[in-house]
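Enquirer: Next up is a structure, given as structure tokens.
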Amino acid sequence: MNLPEAFKEKMKNLMGESYQDLLDSYDKPESKGIRTNTLKLTPKELAGKLPFETQGVAWCQEGFYIDHEVRPGKNPYYYAGLYYVQEPTAMAAVEVLAPEPGDWVLDLCAAPGGKSTQIGAKLQGQGLLVANELVNSRAGILSTNIERIGIKNAIVTNEFPERLVDSFYQSFDRILVDAPCSGEGMFRKDSGALADWSLERVSRCVGKQEKILESAHRLLKPGGVLVYSTCTFSPEEDEQIIEAFIHKYDYELESIELPGIDDHGRVEWTLNYEQAIEKTLRIMPMNVRGEGHFIAKLKKTAAGSEQKEIKQGYSKSRLKKASRTELLDYRDFAKNALEKSFYQGFEERLYLLGEHLYAIPAGIALETIANLKLLRTGLHLGTFKKNRFEPSYALGMALKLSEAKNVCDLKDEAQAYQYLKGEALNIRAEKGWILVGYDGHPLGFGKASEGMIKNHYPKGLRIRKK
Ligand SMILES: C[S@@+](CC[C@H](N)C(=O)[O-])C[C@H]1O[C@@H](n2cnc3c(N)ncnc32)[C@H](O)[C@@H]1O
């Protein structure tokens, strides 16, 4: 691999004897992985269904290595949201974050959503996930991934991290900062990171990371956990930034124990020889089957001294509580198409954004999020069209087949592709909205009439060919 000279020189100076091992690792094939979506099934159930070989990932019970020839995005189970395609070492950061059902969790740099979907699965629908992404086009992809995985309790924002502080000052139990970085650990996998690399880029990344971490500090509850991760080797973006952070704010570094990874941050790569840096984790590609990462786990030991109140922006919000009459068509749909056990829990949390109906996550006060640029405010249930209610893709993916009254569970892969391509299905079913699934898991909605199921799979997601 053609590595930049300045990078090689820097790593040679830092790594000494093990430098050659790092160089050799670039000639090995990249590792590919998938992670089970435990909102839908167990790892064992998934492995039993897949048409390709899998091998467990030591540090993530839900993770599997797959052969580098396999194309996991080309399988109906992928579209059914049964797994997320994720590089195995990238699964480690959320294992360290270890969110629990009921937690309020913020993923500050979230797109395309590998770690957010992992957090969403660990929350099991309880608590709150705020997935934030600064770049608008990337935030759209994040939102679609969250929908495909079937996460009900997530808000997707498209903001500078500091803009979240007015709404969520010291609100989160756990925050992940999977920072934008110089990507040195991804050179094998991502030719863009290799082409863009320079020493100046490393310095620019440090500036961004410092700002993001400062916002994270203001957003985290006292006693809360902050996990910082990068996919780069440069000490400026790893050990040094964490050393400076714990010297500036009241945090303690916590030791990280992950099966299969036993390498730590280098105290000798810091500026002030902070011994606690040993508690951070380095994932180096010559020691582990996967790409390079750095992870630090920090506990906030004292409250911030700012006297900050959550801003009230309710009057500016376009989101409004839905009235009884506005909800008539939705209620008709819900009664006829869904099991009560699915929808009764969010009856009091129904909000309208224009013609779109959302069930916002429990515990969120509208005034706290009113001023934010929101891409998804919880579970998008559907859209009112000329006094009709049309269920959304997100709703289809958040349901179990057993929670819909009218269901067509396809067993044939060719028929599943027909649906995913946007074609009508020649199947006779009870008239009305019907949840179309493949092998026990939803793919999306259709509408049955006269011996046909009309396709309602979103146009933007349809696949062109098998
Ligand atoms: C390493 S990627 C995140 C990957 C993601 N966590 C995942 O697992 O799929 C970093 C993200 O930070 C975003 N970003 C770039 N500049 C940023 C900034 N100044 N503040 C916050 N996020 C930023 C990038 O657009 C990118 O999506």
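Here's how to read the names in the structure tokens: chain A, B, ... by the order shown, residue numbers from 1 in each chain, ligand numbers from 1 in the order shown.
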For A:Lys421, please output as a PyMOL selection string all residues within 7 Å (counting only C-alpha atoms; exclusion window: fewer than 3 positions along the same chain).
Expert: chain A and resi 417-418+462-464
Enquirer: Residues at most 10 Å from ligand 1, using only C-alpha atoms and all ligand atoms? Could they come as a PyMOL selection string?
Expert: chain A and resi 86-87+90-91+93-94+107-118+131-139+141-142+145+158-162+176-183+205+207-213+215+229-232
Enquirer: What's the 10 Å shell around stretch 349-359 of chain A, counting only C-alpha atoms, without same-chain residues fewer than 2 positions away, as a count of residues only?
Expert: 39
Enquirer: Would you please work out which residue, of A:Leu220, A:Leu461, A:Val85, A:Ala303, is nearest to A:Gln170 when using only C-alpha atoms?
Expert: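 Closest residue, counting only C-alpha atoms: A:Leu220.
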Enquirer: So what do you get for atom CA of A:Pro88 versus atom CA of A:Tyr19, distance-wise?
Expert: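 Taking atom CA of A:Pro88 as the start and atom CA of A:Tyr19 as the end point, the length is 23.0 Å.
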Enquirer: Can you list, as a ChimeraX atom specification, every residue of stretch 350-384 of chain A that DSSP puts in alpha helix (DSSP H)?
Expert: /A:366-369
Enquirer: Have a look at atom CA of A:His264 and atom CA of A:Ala6 and let me know their distance in Å, one decimal.
Expert: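 Atom-to-atom, atom CA of A:His264 and atom CA of A:Ala6 are spaced 24.4 Å apart.
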